[in-house]
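J.: Have a look at the structure that comes next, please.
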Amino acid sequence: MPNPAAHLPFYYGSISRSDAEEYLKLAGMSDGLFLLRQCLRSLGGYVLSIVQNLQFYHYPIERQLNGTYAVAGGKAHCGPEELCEFYSKDADGLCCTLRKPCNRPGGVGPQPGIFDSIRENMVREYIQQTWNLEGDALEQAIISQAPQVEKLIATTAHEKMVWYHGPISREQAESRLYSGAQPDGKFLMRESKEKNSYALSLVYGKTVYHYRIVQDKAGKYFIEDGTKFDTLWQLVEYLKLKPDGLIYYLKESTPNPSMTAAAAPVPPVHPSAMAPKKLTSQNSDGYTPDPTGIGNKTRILPMDTPCYESPYSDPEELKDKKLFLKRSNLIVDEVELGAGNFGCVRKGVYKMRKKQIDVAIKMLKSGNEKTAKEDMMREAYIMHQLDNPYIVRVIGLCEAEALMLVMEMASGGPLNKFLYSKRDEVPVNNVVELMHQVAIGMKFLEEKNFVHRDLAARNVLLVNQHYAKISDFGLSKALAADDSYYLAKTTGKWPLKWYAPECILFRKFSSKGDVWSYGVTMWEAFTYGQKPYKKMKGPEVIAFIEEGKRMECPPKCPPEMYKLMQQCWTFKWEDRPDFVAVETLIRTYYYSIAARTEEEPVTVKKTPA
Ligand code: AMP
């Protein structure tokens with residue numbers, strides 16, 4: 001997650017109070033001289049250090065639950081930069097206004113905090129161990145869920161630290177600290193027998209002292225009368241800098257013998273954080289009731305759902321992977337999920353060797369012409385080759401009472417309908433999250449040299465409110481390795497409002513044409529399911545585009561997202577970004593808002609019994 005202060009020249013990162021004062025002294029101690037640093041106590045917080053009358057003042061800036069930033073008792077601001085700008089005009093309770101930034105000396109970057117330097121590896125290891133993912137599925141989970149996983153591990157990171165010894169007794173702690181040399185400040189942390197409490201055991205004058213760490217109602221950790229911290233590892237880092245009431249500061253840790261200290265310490269995930277291998281059932285809103293029953297709802301990540309990984313990721317199941325399925329393995333329900341050009345889509349269940357999966361079955365209407373059958377077979381053949389968590393996978397075809405295309409189930413329905421019906425409930429960040437997932441799926445298609453040719457909000461299906469998959473490959477084409485576009489022989493029943501100029505004018509289809517459609521899909525999503533180009537007819541839209549006009553910014557759409565839409569609507573396909581660039585742009589924005597906004601609780605789920 002990017003740090004919203006990282007780009008500020010007066011931001012020093014994770015430095016101590018005394019280092020901050022040294023920098024201010026070196027810069028001349030003029031009134032209003034200031035710098036910003038990372039708060040060592042609260043996650044995502046900062047400290048503003050200011051000089052006035054040759055004195056130092058340090059103001060903690062907390063990140064609030066709604067994602068804004070404020071000095072205690074002061075006004076809320078949307079970011080640390082905006083906050084500093086405000087206090088440069090109005091002291092509003094501070095010792096003075098911010099007059100002169102104390103910029104970092106040339107060549108000095110912000111000092112990374114302990115978590116900053118290890119988080120990338122931790123995210124990877126956490127996803128790998130928790131969801132047991134490998135290869136592409138692992139990489140895609142890292143890209144799409146890093147902000148949520150970071151929040152999850154921030155609170156469990158201590159379990160990976162060498163100084164954390166888990167649930168050992170007081171006696172065991174003493175015996176570990178008394179073995180070998182006993183310098184002042186030698187320490188370890190252990191889990192205490194009482195619920196949600198820990199103990200810090202510390203050597204001073206060859207004697208071990210034990211301090212109880214408890215949590216307050218807000219979940220902050222503290223030692224009696226001491227400073228409060230969001231996480232245990234922050235408490236340790238802080239107490240390394242100053243004793244804060246302890247008999248001595250923390251100096252040297254006693255490594256947990258069950259960790260391989262030489263390598264980066266990656267013990268097995270703590271049993272309490274051990275994850276489920278996929279939930280078998282979930283609510284379509286992407287939440288489950290909190291298993292503790294307190295009433296909170298907890299967020300399901302895409303990796304928690306049964307359709308994140310391919311149904312054939314198990315090698316046993318892979319043995320049966322064929323395009324044509326046995327009718328006896330398929331149960332077709334009466335329930336209709338929707339209707340398309342081909343016929344209806346029904347709910348069903350497909351029986352595999354070891355499991356049964358929920359499926360959607362596209363049934364070809366009887367009496368359809370031969371071409372419809374061929375079209376469906378082609379769609380099945382194309383989709384059968386694609387395996388990505390953000391694309392609806394085709395399980396296969398079944399020829400029985402009708403020709404049936406069997407797909408993974410995405411029970412949340414099409415994106416445009418979902419957003420329209422929930423327009424007052426779904427926050428704009430949620431729309432960004434879903435459109436980022438569509439970009440991941442499209443980047444995958446681009447890499448595989450497939451063109452979709454019908455990307456639109458109606459063809460993005462939701463597994464739940466936080467998980468989207470691209471579907472409907474009826475018009476798709478696999479390009480030959482050395483082709484960059486597909487030249488349609490004739491025009492057909494085309495979704496003109498979603499098509500780039502070169503598709504309409506020259507029948508040339510490439511991933512760049514899909515990028516144009518992605519821009520229109522974004523517009524549909526940020527308008528919460530409005531129809532693009534309102535009452536215009538297809539040919540009018542072409543004239544509108546050729547005049548250099550584009551659809552306006554939807555009312556709730558962030559400017560960054562409208563800018564991306566406009567880039568997708570670059571007239572010349574050579575100048576238009578590809579999906580690699582589009583995904584990077586939307587990812588950067590998505591991570592930045594995920595850092596700013598406190599989300600719903602994300603927890604690792606236990607598999608239901
Ligand atoms: P289509 O013919 O592909 O446009 O599908 C028509 C409708 O059927 C869609 O708008 C969805 O409501 C539903 N549908 C299609 N595929 C699925 C799926 N894989 N999972 C759930 N519903 C689906």
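Residues are referred to by chain and number: the chain letter is A, B, ... according to the order shown in the structure tokens, the number counts from 1 in that chain, and ligands are numbered separately from 1 in the order shown.
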So which residues are near ligand 1, meaning at most 9 Å away with only C-alpha atoms and all ligand atoms counted, given back as a PyMOL selection string?

T.: chain A and resi 336-347+359-362+392-394+406-414+417+458-463+469+471-474

J.: Please list as a ChimeraX atom specification every residue within 8 Å of A:Ile142, counting only C-alpha atoms and excluding residues in the same chain fewer than 6 positions away.

T.: /A:123-124,127

J.: May I ask which of the residues A:Phe10, A:Tyr238, A:Tyr591, A:Phe509 is the closest one to A:Lys100, counting only C-alpha atoms?

T.: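 Distance minimum relative to A:Lys100 lands on A:Phe10.
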
J.: Determine which residues of stretch 77-176 of chain A receive a DSSP assignment of strand (DSSP E or B), computed from the backbone, and state them as a ChimeraX atom specification.

T.: /A:77,100-101,111,164

J.: Give the answer as one residue: which of A:Ala481, A:Met189, A:Val349, A:Leu94 has the shortest atom-to-atom distance to A:Leu177, using only C-alpha atoms?

T.: A:Met189

J.: Looking at A:Arg190, A:Lys512, A:Lys321, A:Arg37, which one is nearest to A:Pro112, with distances taken over only C-alpha atoms?

T.: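 Going through A:Arg190, A:Lys512, A:Lys321, A:Arg37 one by one, the smallest distance to A:Pro112 is for A:Arg37.
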
J.: Pick the closest to A:Gly44 from A:Asp31, A:Glu317, A:Glu62, A:Asp116: which is it, counting only C-alpha atoms?

T.: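 The answer is A:Glu62, which sits nearest to A:Gly44.
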
J.: How far is it from atom CA of A:Glu82 to atom CA of A:Asn429, in Å with one decimal?

T.: 20.3 Å

J.: Considering only C-alpha atoms, return as a list of chain:residue names whatever protein or nucleic-acid residues lie within 12 Å of A:Tyr590, sequence-local ones (same chain, fewer than 5 positions apart) excluded.

T.: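 The residues satisfying every condition are A:Met1, A:Pro2, A:Ile143, A:Ser144, A:Gln145, A:Ala146, A:Pro147, A:Gln148, A:Val428, A:Asn429, A:Asn430, A:Val431, A:Val432, A:Glu433, A:Leu434, A:Met435, A:His436, A:Gln437, A:Ala439, A:Pro558, A:Glu560, A:Met561, A:Glu583, A:Thr584, A:Leu585, A:Ala595, A:Arg596, A:Thr597.
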
J.: Pick out the closest residue to A:Pro495 from this set: A:Arg41, A:Arg378, A:Lys443, A:Lys537. Count only C-alpha atoms.

T.: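 Nearest candidate to A:Pro495 out of A:Arg41, A:Arg378, A:Lys443, A:Lys537: A:Lys537.
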